[in-house]
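K.L.:
As input, take final-v7.txt (compact mmCIF, C-alpha atoms):
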# COMPACT_ATOMS: atom_id res chain seq x y z
CA MET A 10 80.14 126.38 73.90
CA SER A 11 79.71 126.94 77.64
CA HIS A 12 81.91 129.52 79.37
CA LYS A 13 80.97 128.13 82.78
CA SER A 14 83.80 127.04 85.06
CA ALA A 15 84.16 123.27 85.42
CA LYS A 16 83.60 123.76 89.17
CA ASP A 17 80.21 125.37 88.49
CA PHE A 18 79.12 122.40 86.40
CA PHE A 19 78.54 120.34 89.55
CA ARG A 20 76.65 123.02 91.47
CA PRO A 21 72.83 122.64 91.55
CA LEU A 22 70.99 124.92 89.11
CA ALA A 23 68.49 125.90 91.80
CA VAL A 24 68.95 126.67 95.50
CA GLY A 25 67.91 123.59 97.45
CA ALA A 26 68.12 121.14 94.53
CA PRO A 27 70.20 118.00 95.12
CA ALA A 28 73.88 118.11 94.16
CA PRO A 29 74.51 116.75 90.64
CA LEU A 30 76.10 113.32 90.32
CA ARG A 31 79.79 113.23 89.40
CA GLU A 32 79.48 109.73 88.00
CA ILE A 33 76.47 108.04 86.40
CA PRO A 34 75.94 104.63 88.05
CA ALA A 35 76.16 101.56 85.81
CA ARG A 36 72.77 100.14 86.75
CA PRO A 37 71.38 97.19 84.79
CA SER A 38 69.21 98.51 81.95
CA ARG A 39 69.26 95.76 79.33
CA ALA A 40 65.63 96.31 78.39
CA ILE A 41 63.73 99.59 78.73
CA HIS A 42 60.16 98.30 78.54
CA PHE A 43 57.65 100.87 77.28
CA PHE A 44 54.08 100.94 78.54
CA ASP A 45 51.15 103.29 77.98
CA PRO A 46 49.91 104.46 81.40
CA SER A 47 46.55 105.46 79.86
CA ASN A 48 45.92 101.83 78.85
CA GLU A 49 44.30 100.29 81.94
CA LYS A 50 44.86 96.71 80.79
CA MET A 51 48.57 97.42 80.28
CA ALA A 52 48.85 99.41 83.51
CA ALA A 53 47.37 96.54 85.53
CA LYS A 54 50.26 94.29 84.47
CA ILE A 55 52.99 96.65 85.69
CA PRO A 56 53.23 95.47 89.35
CA ASP A 57 53.78 91.88 88.17
CA MET A 58 56.54 93.00 85.78
CA VAL A 59 58.66 94.47 88.59
CA GLY A 60 61.77 92.31 88.95
CA THR A 61 61.37 90.76 85.49
CA VAL A 62 62.72 93.77 83.58
CA ASP A 63 65.49 96.24 84.40
CA VAL A 64 63.57 99.40 83.41
CA LEU A 65 59.85 100.13 83.19
CA LEU A 66 59.12 103.29 81.21
CA GLY A 67 55.79 105.10 81.34
CA ASN A 68 55.45 106.57 77.85
CA LEU A 69 53.68 109.92 77.50
CA GLU A 70 54.83 110.79 73.97
CA ASP A 71 54.30 109.44 70.43
CA ALA A 72 52.32 106.26 71.06
CA VAL A 73 49.77 108.17 73.20
CA LYS A 74 46.99 109.99 71.31
CA ALA A 75 46.46 113.72 71.95
CA ASP A 76 43.19 113.19 73.83
CA ASN A 77 44.89 110.59 76.08
CA LYS A 78 47.87 112.75 77.14
CA VAL A 79 46.39 113.84 80.47
CA ALA A 80 45.12 110.33 81.24
CA ALA A 81 48.59 108.89 80.56
CA ARG A 82 50.26 111.46 82.82
CA GLU A 83 47.76 110.89 85.66
CA GLY A 84 47.94 107.12 85.12
CA LEU A 85 51.72 107.19 85.52
CA VAL A 86 51.40 109.11 88.80
CA ARG A 87 48.90 106.55 90.13
CA ILE A 88 51.00 103.55 89.06
CA ALA A 89 54.21 105.01 90.49
CA GLN A 90 52.60 105.94 93.83
CA ALA A 91 51.01 102.49 94.22
CA THR A 92 53.99 100.36 93.15
CA ASP A 93 57.18 99.33 94.95
CA PHE A 94 59.65 99.02 92.07
CA GLY A 95 62.38 97.32 94.11
CA PRO A 96 65.39 96.66 91.83
CA THR A 97 63.52 97.79 88.68
CA GLN A 98 64.09 101.39 87.58
CA LEU A 99 61.19 103.70 86.73
CA TRP A 100 61.68 105.97 83.73
CA THR A 101 59.29 108.12 81.73
CA ARG A 102 59.39 109.57 78.22
CA ILE A 103 57.94 113.07 78.32
CA ASN A 104 56.36 114.83 75.35
CA SER A 105 58.63 116.66 72.93
CA LEU A 106 59.86 120.12 73.87
CA ASP A 107 57.88 121.75 71.05
CA SER A 108 54.58 120.24 72.28
CA PRO A 109 51.92 121.90 74.48
CA TRP A 110 52.07 119.02 77.02
CA VAL A 111 55.70 118.89 78.12
CA LEU A 112 55.66 121.60 80.79
CA ASP A 113 52.65 119.99 82.48
CA ASP A 114 54.42 116.61 82.28
CA LEU A 115 57.36 117.97 84.29
CA THR A 116 55.41 120.11 86.78
CA THR A 117 53.05 117.21 87.51
CA LEU A 118 55.49 114.29 87.68
CA VAL A 119 58.37 115.76 89.71
CA PRO A 120 56.35 116.87 92.77
CA ALA A 121 54.16 113.74 92.72
CA ILE A 122 56.66 110.94 91.97
CA GLY A 123 60.08 112.63 91.69
CA GLU A 124 61.62 110.43 94.40
CA LYS A 125 60.68 107.31 92.42
CA LEU A 126 61.61 108.57 88.95
CA ASP A 127 65.14 107.54 88.00
CA VAL A 128 65.36 108.94 84.48
CA ILE A 129 63.38 111.27 82.21
CA MET A 130 63.73 110.47 78.51
CA VAL A 131 63.56 113.55 76.28
CA PRO A 132 62.53 112.93 72.65
CA LYS A 133 63.83 114.64 69.50
CA VAL A 134 66.77 116.37 71.20
CA GLN A 135 68.39 118.72 68.69
CA GLU A 136 71.09 120.57 70.62
CA PRO A 137 72.52 121.24 74.12
CA ALA A 138 69.98 124.05 74.70
CA ASP A 139 67.22 121.40 74.84
CA ILE A 140 69.03 119.66 77.70
CA HIS A 141 69.76 122.97 79.47
CA TYR A 142 66.03 123.80 79.40
CA VAL A 143 64.99 120.51 81.04
CA ASP A 144 67.99 120.64 83.41
CA ARG A 145 67.01 124.02 84.90
CA ILE A 146 63.31 123.16 85.23
CA LEU A 147 64.12 119.87 86.96
CA ALA A 148 66.39 121.66 89.46
CA GLN A 149 63.67 124.19 90.29
CA LEU A 150 61.03 121.47 90.71
CA GLU A 151 63.35 119.24 92.77
CA ALA A 152 64.17 122.14 95.09
CA LYS A 153 60.49 123.01 95.54
CA ALA A 154 59.48 119.39 96.17
CA GLY A 155 62.44 118.54 98.43
CA ILE A 156 63.72 115.79 96.13
CA THR A 157 66.94 114.33 97.57
CA LYS A 158 68.53 112.72 94.49
CA PRO A 159 68.77 114.32 91.04
CA ILE A 160 66.51 112.95 88.32
CA LEU A 161 68.66 112.02 85.34
CA ILE A 162 68.09 112.89 81.66
CA HIS A 163 68.20 110.51 78.71
CA ALA A 164 68.11 111.95 75.17
CA ILE A 165 66.75 110.29 72.04
CA LEU A 166 68.66 110.85 68.80
CA GLU A 167 65.96 111.04 66.16
CA THR A 168 66.94 114.01 64.02
CA ALA A 169 69.92 114.68 61.76
CA ARG A 170 70.69 117.81 63.80
CA GLY A 171 70.70 115.79 67.00
CA VAL A 172 73.23 113.36 65.51
CA ALA A 173 75.37 116.27 64.25
CA ASN A 174 75.38 117.75 67.79
CA VAL A 175 75.72 114.45 69.66
CA GLU A 176 79.02 115.29 71.43
CA GLU A 177 77.67 118.58 72.82
CA ILE A 178 74.39 116.93 73.86
CA CYS A 179 76.25 114.26 75.86
CA GLY A 180 78.22 116.92 77.72
CA ALA A 181 75.36 119.37 78.25
CA SER A 182 74.62 118.47 81.89
CA PRO A 183 75.83 116.22 84.71
CA ARG A 184 72.27 114.82 84.65
CA MET A 185 72.92 113.12 81.29
CA GLN A 186 72.43 109.37 81.79
CA GLY A 187 72.57 108.22 78.17
CA LEU A 188 71.28 108.28 74.63
CA SER A 189 68.99 106.08 72.56
CA LEU A 190 68.80 105.73 68.81
CA GLY A 191 65.37 106.64 67.38
CA PRO A 192 65.57 105.02 63.93
CA ALA A 193 62.06 105.73 62.60
CA ASP A 194 62.01 109.51 63.20
CA LEU A 195 65.68 109.77 62.25
CA ALA A 196 65.05 107.98 58.95
CA ALA A 197 62.22 110.39 58.15
CA ASP A 198 64.26 113.46 59.14
CA ARG A 199 67.23 112.35 57.03
CA LYS A 200 64.93 111.38 54.14
CA MET A 201 66.31 107.85 54.28
CA LYS A 202 64.37 105.54 51.95
CA THR A 203 63.24 102.99 54.51
CA THR A 204 59.90 102.68 56.30
CA ARG A 205 61.15 100.04 58.74
CA VAL A 206 61.61 100.76 62.45
CA GLY A 207 65.20 99.60 62.87
CA GLY A 208 66.86 96.64 61.21
CA GLY A 209 68.41 96.29 57.80
CA HIS A 210 66.96 96.77 54.33
CA PRO A 211 67.32 94.36 51.39
CA GLY A 212 68.19 97.24 49.07
CA TYR A 213 71.15 98.36 51.20
CA LEU A 214 73.69 95.72 50.20
CA VAL A 215 77.03 94.75 48.77
CA ARG A 216 77.18 92.25 45.91
CA GLU A 217 79.83 89.63 45.28
CA ASP A 218 82.06 90.24 42.25
CA ALA A 219 80.96 88.44 39.08
CA PRO A 220 82.79 85.12 38.58
CA ARG A 221 85.10 84.93 35.60
CA GLY A 222 84.26 82.67 32.69
CA GLU A 223 86.64 80.43 30.75
CA ASP A 224 87.61 83.44 28.63
CA GLY A 225 88.81 85.24 31.78
CA LEU A 226 86.09 87.88 31.52
CA PRO A 227 83.51 88.53 34.26
CA ASP A 228 80.22 86.70 33.70
CA LEU A 229 77.84 89.54 34.58
CA ASP A 230 74.75 87.34 34.13
CA ALA A 231 75.89 84.75 36.69
CA LYS A 232 74.15 84.42 40.06
CA ARG A 233 76.08 86.43 42.65
CA ALA A 234 75.76 86.38 46.44
CA ILE A 235 74.49 89.55 48.12
CA PHE A 236 74.99 90.65 51.71
CA GLN A 237 72.51 92.94 53.42
CA GLN A 238 74.19 95.85 55.23
CA ASP A 239 73.38 97.62 58.52
CA LEU A 240 71.79 101.04 57.92
CA TRP A 241 72.42 102.06 61.54
CA HIS A 242 76.09 101.16 61.96
CA TYR A 243 77.43 104.71 61.49
CA THR A 244 74.93 106.36 63.84
CA ILE A 245 75.28 103.77 66.62
CA ALA A 246 79.08 103.92 66.46
CA LYS A 247 79.03 107.73 66.60
CA MET A 248 76.61 107.63 69.52
CA VAL A 249 78.75 105.06 71.40
CA ASP A 250 81.88 107.21 71.01
CA ALA A 251 80.08 110.33 72.25
CA CYS A 252 78.64 108.50 75.27
CA ALA A 253 81.96 106.83 76.18
CA THR A 254 83.70 110.22 75.96
CA HIS A 255 81.30 111.67 78.54
CA GLY A 256 80.88 108.65 80.82
CA ILE A 257 77.25 108.00 79.94
CA TYR A 258 75.43 105.04 78.35
CA PRO A 259 74.35 104.31 74.75
CA TYR A 260 71.24 102.28 73.88
CA TYR A 261 69.68 100.88 70.77
CA GLY A 262 66.05 102.02 70.46
CA PRO A 263 62.91 100.32 69.07
CA PHE A 264 62.74 97.33 66.77
CA GLY A 265 59.33 97.50 65.13
CA ASP A 266 58.79 94.02 63.66
CA ILE A 267 57.66 92.27 66.85
CA LYS A 268 57.12 88.88 65.14
CA ASP A 269 60.60 88.74 63.57
CA THR A 270 62.45 87.76 66.74
CA VAL A 271 65.49 86.52 64.78
CA ALA A 272 66.10 89.90 63.09
CA CYS A 273 65.36 91.64 66.40
CA GLU A 274 68.04 89.60 68.16
CA ASP A 275 70.51 90.31 65.33
CA GLN A 276 69.90 94.08 65.60
CA PHE A 277 70.21 94.02 69.39
CA ARG A 278 73.46 92.02 69.17
CA ASN A 279 74.96 94.39 66.60
CA ALA A 280 74.29 97.26 69.02
CA PHE A 281 75.67 95.27 71.99
CA LEU A 282 78.89 94.40 70.14
CA LEU A 283 79.36 98.07 69.18
CA GLY A 284 79.12 99.11 72.85
CA CYS A 285 75.44 99.67 73.68
CA VAL A 286 74.35 98.59 77.17
CA GLY A 287 70.66 98.00 76.44
CA THR A 288 67.71 98.55 74.15
CA TRP A 289 63.99 99.32 74.11
CA SER A 290 61.32 96.67 74.45
CA LEU A 291 57.94 97.25 72.79
CA HIS A 292 56.54 93.80 73.67
CA PRO A 293 57.33 91.32 76.50
CA VAL A 294 58.92 88.91 73.99
CA GLN A 295 61.62 91.54 73.33
CA ILE A 296 62.48 91.73 77.05
CA LYS A 297 63.71 88.12 76.95
CA ILE A 298 65.76 88.80 73.82
CA ALA A 299 67.31 91.94 75.33
CA ASN A 300 68.11 90.24 78.65
CA ARG A 301 69.86 87.43 76.78
CA VAL A 302 71.81 89.66 74.40
CA PHE A 303 72.89 92.40 76.84
CA SER A 304 74.02 90.15 79.72
CA PRO A 305 77.74 89.26 79.86
CA SER A 306 78.28 85.67 78.73
CA VAL A 307 79.29 82.87 81.08
CA GLU A 308 82.68 82.78 79.30
CA ASP A 309 83.20 86.52 79.88
CA ILE A 310 82.36 86.27 83.58
CA ALA A 311 84.50 83.16 84.09
CA HIS A 312 87.46 84.94 82.48
CA ALA A 313 86.86 88.15 84.47
CA ARG A 314 86.80 86.23 87.75
CA ARG A 315 90.05 84.45 86.85
CA VAL A 316 91.76 87.79 86.14
CA VAL A 317 90.48 89.31 89.41
CA ALA A 318 91.69 86.26 91.36
CA ALA A 319 95.11 86.26 89.65
CA MET A 320 95.83 89.98 89.92
CA GLY A 321 95.93 90.16 93.72
CA ASP A 322 96.64 93.79 94.68
CA GLY A 323 96.06 94.95 91.09
CA THR A 324 99.66 95.82 90.24
CA GLY A 325 101.98 94.15 87.76
CA ALA A 326 100.88 91.82 84.98
CA VAL A 327 99.95 88.14 84.64
CA MET A 328 99.64 85.75 81.69
CA ILE A 329 96.28 83.96 81.40
CA ASP A 330 95.63 81.64 78.43
CA GLY A 331 98.55 83.20 76.58
CA LYS A 332 97.24 86.76 76.96
CA MET A 333 98.75 89.51 79.11
CA GLU A 334 96.44 90.95 81.77
CA ASP A 335 97.41 94.10 83.67
CA ASP A 336 95.80 96.80 85.82
CA ALA A 337 93.80 98.13 82.83
CA SER A 338 92.27 94.74 82.12
CA LEU A 339 91.65 94.25 85.85
CA LYS A 340 89.52 97.43 85.84
CA GLN A 341 87.51 96.11 82.88
CA CYS A 342 87.05 92.77 84.63
CA LEU A 343 85.94 94.36 87.91
CA VAL A 344 83.28 96.34 85.99
CA LEU A 345 82.08 93.10 84.38
CA VAL A 346 82.00 91.17 87.68
CA GLU A 347 80.13 94.03 89.41
CA LEU A 348 77.62 94.18 86.52
CA ALA A 349 77.10 90.39 86.77
CA GLU A 350 76.41 90.73 90.51
CA LYS A 351 73.87 93.50 89.90
CA LEU A 352 72.20 91.53 87.09
CA ALA A 353 72.05 88.44 89.30
CA GLU A 354 70.12 90.44 91.94
CA ILE A 355 67.40 91.25 89.42
CA ASP A 356 67.46 88.05 87.31
CA PRO A 357 67.18 84.68 89.16
CA ASP A 358 67.92 82.61 86.03
CA LEU A 359 71.08 84.58 85.35
CA LYS A 360 72.08 84.26 89.02
CA ALA A 361 71.85 80.47 88.75
CA THR A 362 73.95 80.53 85.57
CA TYR A 363 76.65 82.77 87.06
CA ASP A 364 76.65 80.85 90.38
CA ALA A 365 77.40 77.65 88.48
CA ILE A 366 80.71 79.09 87.22
CA GLU A 367 83.65 77.72 89.18
CA THR A 368 85.33 80.61 90.95
CA PRO A 369 89.13 80.26 90.92
CA GLU A 370 91.20 80.42 94.08
CA ALA A 371 92.92 83.77 94.67
Using structure tokens, write down the structure that the file contains.
P.N.:
Amino acid sequence: MSHKSAKDFFRPLAVGAPAPLREIPARPSRAIHFFDPSNEKMAAKIPDMVGTVDVLLGNLEDAVKADNKVAAREGLVRIAQATDFGPTQLWTRINSLDSPWVLDDLTTLVPAIGEKLDVIMVPKVQEPADIHYVDRILAQLEAKAGITKPILIHAILETARGVANVEEICGASPRMQGLSLGPADLAADRKMKTTRVGGGHPGYLVREDAPRGEDGLPDLDAKRAIFQQDLWHYTIAKMVDACATHGIYPYYGPFGDIKDTVACEDQFRNAFLLGCVGTWSLHPVQIKIANRVFSPSVEDIAHARRVVAAMGDGTGAVMIDGKMEDDASLKQCLVLVELAEKLAEIDPDLKATYDAIETPEA
């Protein structure tokens, strides 16, 4: 528990570092697309992906072999320096805090490309002290390099201890941008009996009650329907609550079965309905799924615009389609309309869809 004054929370942790943000902007981040900067074939495609995906993330951690760590780090610097990312955000996932590479990741990336880096994703976060460590180093490096806007921190929940400490992690720094679920590492750490990367499991189910025979007794040999359950429901819901409490953003993480696009879409939609704002993409096909799932529907935007038009100065209440709308629902609708406008800037197809909605007269 911090004994720091609330006023001190928004003072920079190093002299000359930029002032911390008091509110984390709601920038489109439906898909966080991972790429390996040490893979030259993959790196060559990055400039053409700008504008097609909300977030491009240069991955330095798990998917990069030990003898490629330096190449990945240097590759990310080259790509970032040579690329105008326009409306697309640039993130990176650094190596874990117990690795020998993480300090070099930070001391190399911040001076070289700190002005272009929006978010640093920190893997295997266990407790607030992990965030405090990165927070202080970033402030020192920003001050030294003359960075004018603070680089934000995103934590991955992939250990039981991280989930247990999720509230404190979310509130550990004004740099906190959000959290992602890391289902594979979390499953291993919890000793869950699944080897899948996200998604359900056929063994985790509920079974329909046995039908009763003519004698009124249950026929236990009869065929009974089964319904596969969501292994990740509890963790995602807990993560969403913690993020909402602290004004930051929750994300689903990786879905490993690239070919099963139906199950991928189902998992993404479950997370979206629970409150997540985006997900990871491990293959370009998942970008399209994420963009579809995590964009507000035409119906939602049409309704939001009607409420905004009907509410005028934002006071009082109106009835629309038999439902009461007041200042609280107006705030929700304004957030949705603003998100739609931001998504339309980055997604031409979505812009055409939203533009086709008839806007009501005020």
K.L.:
Can you pull out every residue within 8 Å of Gly325 of chain A, counting only C-alpha atoms, but drop anything in the same chain fewer than 3 positions away, and send it as a list in words?
P.N.:
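With the cut-off at 8 Å, the set is Met320, Asp335 and Asp336 of chain A.
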K.L.:
Store the residues picked out above, limited to C-alpha atoms, as a PDB file, in the coordinates of the input.
P.N.:
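Output file selection-v8.pdb is given in full below:
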ATOM      1  CA  MET A 320      95.830  89.980  89.920  1.00  0.00           C
ATOM      2  CA  ASP A 335      97.410  94.100  83.670  1.00  0.00           C
ATOM      3  CA  ASP A 336      95.800  96.800  85.820  1.00  0.00           C
TER       4      ASP A 336
END
K.L.:
Pick the closest to Pro293 of chain A from A:Gln237, A:Ser338, A:Ser105, A:Thr270: which is it, counting all atoms listed in the file?
P.N.:
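Of the candidates, the smallest distance to Pro293 of chain A is held by A:Thr270.
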K.L.:
What is the distance, in Å and to one decimal place, between atom CA of Gly155 of chain A and atom CA of Ile129 of chain A?
P.N.:
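Computed distance, atom CA of Gly155 of chain A to atom CA of Ile129 of chain A, equals 17.8 Å.
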K.L.:
Report as a list in words all protein, DNA and RNA residues lying within 12 Å of Val215 of chain A, evaluated on all atoms listed in the file, omitting residues in the same chain fewer than 5 positions from it.
P.N.:
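Near neighbours after the sequence-gap exclusion: His210, Arg233, Ala234, Ile235, Phe236, Gln237, Gln238 and Asp239 of chain A.
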K.L.:
For Ala219 of chain A, which residue out of A:Arg314, A:Arg170, A:Arg31, A:Lys232 is the nearest one, using only C-alpha atoms?
P.N.:
A:Lys232
K.L.:
Under the rule that only C-alpha atoms are counted, which of A:Val62, A:Ala299, A:Ala251, A:Leu282 is the nearest residue to Glu176 of chain A?
P.N.:
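Distance minimum relative to Glu176 of chain A lands on A:Ala251.
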K.L.:
Taking into account all atoms listed in the file, which residue in the set A:Arg145, A:Leu240, A:Val249, A:Lys78 is nearest to Gly212 of chain A?
P.N.:
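For Gly212 of chain A, the nearest of the candidates is A:Leu240.
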K.L.:
I'd like the contact shell of segment 196-203 of chain A - 10 Å cut-off, all atoms listed in the file, skipping same-chain residues fewer than 4 positions apart - returned as a list of chain:residue names.
P.N.:
A:Glu167, A:Thr168, A:Ala169, A:Arg170, A:Gly191, A:Pro192, A:Gly207, A:Gly208, A:Gly209, A:His210, A:Gly212, A:Tyr213, A:Leu240, A:Trp241
K.L.:
List the neighbours of Gly284 of chain A out to 12 Å using all atoms listed in the file; skip same-chain residues closer than 6 positions along the sequence, and give me the result as a PyMOL selection string.
P.N.:
chain A and resi 242+245-253+257-261+277-278+303
K.L.:
Keeping only C-alpha atoms, write those residues as a PDB file, in the frame of the given file.
P.N.:
ATOM      1  CA  HIS A 242      76.090 101.160  61.960  1.00  0.00           C
ATOM      2  CA  ILE A 245      75.280 103.770  66.620  1.00  0.00           C
ATOM      3  CA  ALA A 246      79.080 103.920  66.460  1.00  0.00           C
ATOM      4  CA  LYS A 247      79.030 107.730  66.600  1.00  0.00           C
ATOM      5  CA  MET A 248      76.610 107.630  69.520  1.00  0.00           C
ATOM      6  CA  VAL A 249      78.750 105.060  71.400  1.00  0.00           C
ATOM      7  CA  ASP A 250      81.880 107.210  71.010  1.00  0.00           C
ATOM      8  CA  ALA A 251      80.080 110.330  72.250  1.00  0.00           C
ATOM      9  CA  CYS A 252      78.640 108.500  75.270  1.00  0.00           C
ATOM     10  CA  ALA A 253      81.960 106.830  76.180  1.00  0.00           C
ATOM     11  CA  ILE A 257      77.250 108.000  79.940  1.00  0.00           C
ATOM     12  CA  TYR A 258      75.430 105.040  78.350  1.00  0.00           C
ATOM     13  CA  PRO A 259      74.350 104.310  74.750  1.00  0.00           C
ATOM     14  CA  TYR A 260      71.240 102.280  73.880  1.00  0.00           C
ATOM     15  CA  TYR A 261      69.680 100.880  70.770  1.00  0.00           C
ATOM     16  CA  PHE A 277      70.210  94.020  69.390  1.00  0.00           C
ATOM     17  CA  ARG A 278      73.460  92.020  69.170  1.00  0.00           C
ATOM     18  CA  PHE A 303      72.890  92.400  76.840  1.00  0.00           C
TER      19      PHE A 303
END
K.L.:
Please compute the atom CA of Pro211 of chain A-atom CA of Gly171 of chain A distance, one decimal, in Å.
P.N.:
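It comes out at 26.7 Å.
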K.L.:
Atom CA of Thr324 of chain A and atom CA of Ala337 of chain A, how far apart in Å?
P.N.:
9.7 Å
K.L.:
Considering all atoms listed in the file, return as a list in words whatever protein or nucleic-acid residues lie within 12 Å of Asp139 of chain A, sequence-local ones (same chain, fewer than 3 positions apart) excluded.
P.N.:
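Once the adjacent positions are removed, what remains is Ser105, Leu106, Asp107, Val131, Pro132, Lys133, Val134, Gln135, Glu136, Tyr142, Val143, Asp144, Arg145, Ile146, Ile162, His163, Ala164, Ile165, Gly171, Asn174, Glu177, Ile178, Cys179, Ala181, Ser182 and Met185 of chain A.
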K.L.:
List every protein, DNA or RNA residue that has at least one atom no more than 9 Å from (60.9, 87.9, 85.8) in the file's coordinates, counting all atoms listed in the file, and write the result as a CSV table (one decimal) with C-alpha atoms, in the frame of the given file.
P.N.:
chain,number,residue,atom,x,y,z
A,57,ASP,CA,53.8,91.9,88.2
A,58,MET,CA,56.5,93.0,85.8
A,59,VAL,CA,58.7,94.5,88.6
A,60,GLY,CA,61.8,92.3,89.0
A,61,THR,CA,61.4,90.8,85.5
A,62,VAL,CA,62.7,93.8,83.6
A,355,ILE,CA,67.4,91.2,89.4
A,356,ASP,CA,67.5,88.0,87.3
A,357,PRO,CA,67.2,84.7,89.2
A,358,ASP,CA,67.9,82.6,86.0
K.L.:
Kindly indicate which residue among A:Pro109, A:Pro46, A:Gly180, A:Pro263 lies nearest to Val73 of chain A, using all atoms listed in the file for the distances.
P.N.:
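Smallest distance to Val73 of chain A is found for A:Pro46.
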